[in-house]
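*Asks:* I have a structure I would like to understand better, so I am pasting it below and will then ask my questions one at a time.
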2 protein chains.
Amino acid sequence: MKPVILKDIADQLGLSITTVSKALKDYPDVSKKTKALVKKLAYELNYVPNSFAVGLRSQTSKTIGVIIPTMVHYFFSTVIDAVLKEAENRDYMVIIMQSNENYELEKKQVDLLLNKGVDGILISLSNRTRDFKHLQKILDYKVPLVLFDKIAKTINCSKVIIDDRKAAYDAVTYLIKKGYKRISHFRGDLNPQNSIDRFLGYKKALIDNDIPYDPSLVYICNTNLDFEDGYNSAKKLIEDHGDHVDAIFAVNDLIAIGAINYFNQKKIAIPEKIALCGFSNWFMSSVISPSLSTIEQNAYKMGEKSTEILFQEIEYKHKNINVEYQKVVIDTALVIRKST
Amino acid sequence: MKPVILKDIADQLGLSITTVSKALKDYPDVSKKTKALVKKLAYELNYVPNSFAVGLRSQTSKTIGVIIPTMVHYFFSTVIDAVLKEAENRDYMVIIMQSNENYELEKKQVDLLLNKGVDGILISLSNRTRDFKHLQKILDYKVPLVLFDKIAKTINCSKVIIDDRKAAYDAVTYLIKKGYKRISHFRGDLNPQNSIDRFLGYKKALIDNDIPYDPSLVYICNTNLDFEDGYNSAKKLIEDHGDHVDAIFAVNDLIAIGAINYFNQKKIAIPEKIALCGFSNWFMSSVISPSLSTIEQNAYKMGEKSTEILFQEIEYKHKNINVEYQKVVIDTALVIRKST
């Protein structure tokens, strides 16, 4: 819808633009009758003399919202990079919020975005989100929603994910083929789906290769999924199992790098004494020593695809076309480096 | 300003709320005269019946805009982390844009943010920005603006920076005290102020310590200021100077890490054959081998302080209090690790 300008009012009433402008501003040299006519029409045409007017009239905000667990994170900052570029291409703006893995905050942020009237929302869920009413609310408001990476299976919307189970399975199968037999898993928290799936992929690879699954080799890294977690779990692993472990499959690169630092400090040779495989392919994994084998997760592609789907759903909504929700699985790849 | 509600119109005209509501919606059972009266007053009171109305009436959008050169960058993602947290504390939303070091894009993004009616803007300039009219425009629009890290000296607004010259001076002085005499500088592009200042700090430290400044030891890393630049410059440095160089002060950590990778590959011992000091203290600098000495730039504090000042200026603007622009210098610190 074209914004209403002063000229539209002037034309319809047969007045000059100056008179219309003066009438709206209550100048004394315009008659009461003219003022009333002008203001009535201005209201009817939804004329609003300021910067909020465009959104008001078109009922689109040209803005999308994104909620991610954290910003200082190679995976998420790469996803956001893609989202910003896709939005930029369409002259859209992006409101970014981080839930800090806090469910209450995530819920509040959804409300803020809905109140703001964003045209669509992208979310990667906090690890602590177990209730999805706030997501259902987005759908009830008929605001397009795309979940990516950390999703809720039960919510009926488009989703962009990787096949965590398959990727983990591939990584652990590769370790087994290299001859490693006592493979530990540094897993994530018990709740998030991708942590569960990576664990299940690990377990299935062992079983399919006739290696007994030993729960004592599984360590839960659930404080911040970071460097310290990896360092401490590596320490605990050696205390618990000594030489009787020959490889680690870690739920992410940061944890693997924490473990590498512990082994480097203790002069435990990588990969001779213990091999490591991470997950995510952070930039630093290619530059540390030894460089880390890992799973390339294609964060940029995930951000790009999620945003593309969101904009398609926004467009369909405006055109009153029915949306069929998509589930897109982004390819992953095993990146082999010196740590294995 | 309290939002105008239907009751305000009803009270002023002595009508029921239902009649007012029907009049605004052009129901046939309300007289033309009443409709005209109601619409005139609705316009005068700036009554707007939808979600954009709050912003329209209060003239605040509860949103700030941030423009940074790039998102996938430890320094900037840490700054953004702080900005989001500060905004969150005040129930503000943040629109983030990345200029990709592109001046035209940065200019366009300023226009988008101004059109959007954001309450304030934070910018770290693109390396290619040499014209500051778009910044002046923000000030002309009376929108609070805080520049951080990459600033324009000639623009009259609040600024949050580090003392790049002093930090570089400290780093190079430290190298000299450790006995290094042929110190190369991998610098940034010729334009951005922080690249200039780090170079000047390097040069001054040499001169103050009676070491002749040798321009042939200065390499310009101007493609992307990244890993590859550092790798290639290290290669060129050894081709040009062979053994006749004993240390490098790099304009950022990523460049230093690129150089470390080259030296590791060529089995040139760090720090025995060549020492390295970076700038920024990226997380990965503490985990690579050898770990990298660098300058801690306090990105989080910079983001926090910039946002704090911006919100103060927004508040002052609403209260019609005069703003005195601040220039805040965030402390830096030399972090000594194994590379020196």
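Chain labels A, B, ... are given in the sequence in which chains occur in the structure tokens; within each chain residues are numbered consecutively from 1, and ligands are likewise numbered from 1 in the order shown.
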Write out as CSV the residues of chain B that have any atom within 8 Å of an atom of chain A, one row each with the nearest atom pair and its distance in Å to one decimal, counting only C-alpha atoms, sorted by chain and then rising number.
*Replies:*
```
residue,atom,partner,partner_atom,distance
B:Ala36,CA,A:Lys40,CA,5.7
B:Leu37,CA,A:Ala36,CA,7.6
B:Lys39,CA,A:Lys40,CA,5.0
B:Lys40,CA,A:Lys40,CA,4.9
B:Ala42,CA,A:Tyr43,CA,7.4
B:Tyr43,CA,A:Tyr43,CA,5.7
B:Glu44,CA,A:Lys39,CA,7.6
B:Asn50,CA,A:Leu56,CA,7.8
B:Ser51,CA,A:Gly117,CA,7.0
B:Phe52,CA,A:Leu56,CA,5.7
B:Ala53,CA,A:Leu56,CA,7.8
B:Gly55,CA,A:Phe52,CA,7.1
B:Leu56,CA,A:Phe52,CA,5.8
B:Thr70,CA,A:Asp81,CA,7.8
B:Met71,CA,A:Asp81,CA,5.9
B:Val72,CA,A:Ser77,CA,5.2
B:His73,CA,A:Ser77,CA,7.9
B:Tyr74,CA,A:Val72,CA,6.8
B:Ser77,CA,A:Val72,CA,5.2
B:Thr78,CA,A:Val72,CA,5.7
B:Ile80,CA,A:Met71,CA,7.4
B:Asp81,CA,A:Met71,CA,5.9
B:Leu84,CA,A:Met97,CA,6.7
B:Met93,CA,A:Ile95,CA,6.6
B:Val94,CA,A:Ile95,CA,5.3
B:Ile95,CA,A:Ile95,CA,4.2
B:Ile96,CA,A:Val94,CA,6.1
B:Met97,CA,A:Leu84,CA,6.7
B:Gln98,CA,A:Leu84,CA,7.2
B:Asn115,CA,A:Ser51,CA,6.0
B:Lys116,CA,A:Ser51,CA,6.8
B:Gly117,CA,A:Ser51,CA,6.2
B:Ile257,CA,A:Val287,CA,7.6
B:Asn261,CA,A:Val287,CA,6.9
B:Met284,CA,A:Met284,CA,6.1
B:Val287,CA,A:Ile288,CA,6.9
B:Ile288,CA,A:Ile288,CA,4.6
B:Ser289,CA,A:Ser289,CA,5.7
```
*Asks:* Using all C-alpha atoms matched in sequence order, least-squares fit chain B onto chain A and give the RMSD rounded to one decimal in Å.
*Replies:* 0.9 Å
*Asks:* Pull the helix (DSSP H, G or I) assignments for range 93-252 of chain A out of DSSP run on the backbone, and list those residues as an MDAnalysis selection string.
*Replies:* chainID A and resid 103:116 133:140 164:177 193:208 215:217 227:241
*Asks:* Going by DSSP on the backbone, which residues of range 16-237 of chain A come out as strand (DSSP E or B)? List them as an MDAnalysis selection string.
*Replies:* chainID A and resid 63:68 93:98 120:123 145:148 158:162 183:187 218:220
*Asks:* Quick one: write out the picked residues with C-alpha atoms as a compact mmCIF listing (two decimals), in the first residue's frame?
*Replies:*
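Saved the output as out.txt:
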```txt
# COMPACT_ATOMS: atom_id res chain seq x y z
CA THR A 63 12.08 -6.32 10.59
CA ILE A 64 12.65 -9.89 11.67
CA GLY A 65 13.70 -11.12 15.10
CA VAL A 66 16.31 -13.73 15.95
CA ILE A 67 16.79 -15.40 19.33
CA ILE A 68 19.97 -17.39 19.88
CA MET A 93 16.38 -5.23 9.56
CA VAL A 94 17.23 -7.80 12.19
CA ILE A 95 16.60 -7.56 15.93
CA ILE A 96 18.92 -9.97 17.72
CA MET A 97 18.41 -11.28 21.22
CA GLN A 98 20.38 -13.79 23.22
CA GLY A 120 8.96 -13.22 11.30
CA ILE A 121 11.07 -14.93 13.95
CA LEU A 122 14.06 -17.27 13.87
CA ILE A 123 14.93 -19.17 17.05
CA LEU A 145 8.57 -18.94 12.70
CA VAL A 146 11.59 -21.00 11.70
CA LEU A 147 13.49 -23.04 14.27
CA PHE A 148 17.10 -23.91 13.56
CA SER A 158 9.65 -25.04 9.50
CA LYS A 159 12.93 -26.36 10.86
CA VAL A 160 16.51 -26.30 9.67
CA ILE A 161 18.82 -28.77 11.34
CA ILE A 162 21.72 -31.07 10.78
CA ILE A 183 36.32 -44.35 22.84
CA SER A 184 35.06 -41.90 25.43
CA HIS A 185 32.28 -39.42 24.76
CA PHE A 186 32.27 -35.94 26.28
CA ARG A 187 28.60 -35.21 25.84
CA VAL A 218 30.61 -41.01 28.96
CA TYR A 219 31.19 -37.66 30.70
CA ILE A 220 28.54 -34.97 30.88
```
*Asks:* Separation of CA of Lys317 in chain B and CA of Glu104 in chain B, in Å?
*Replies:* 29.0 Å
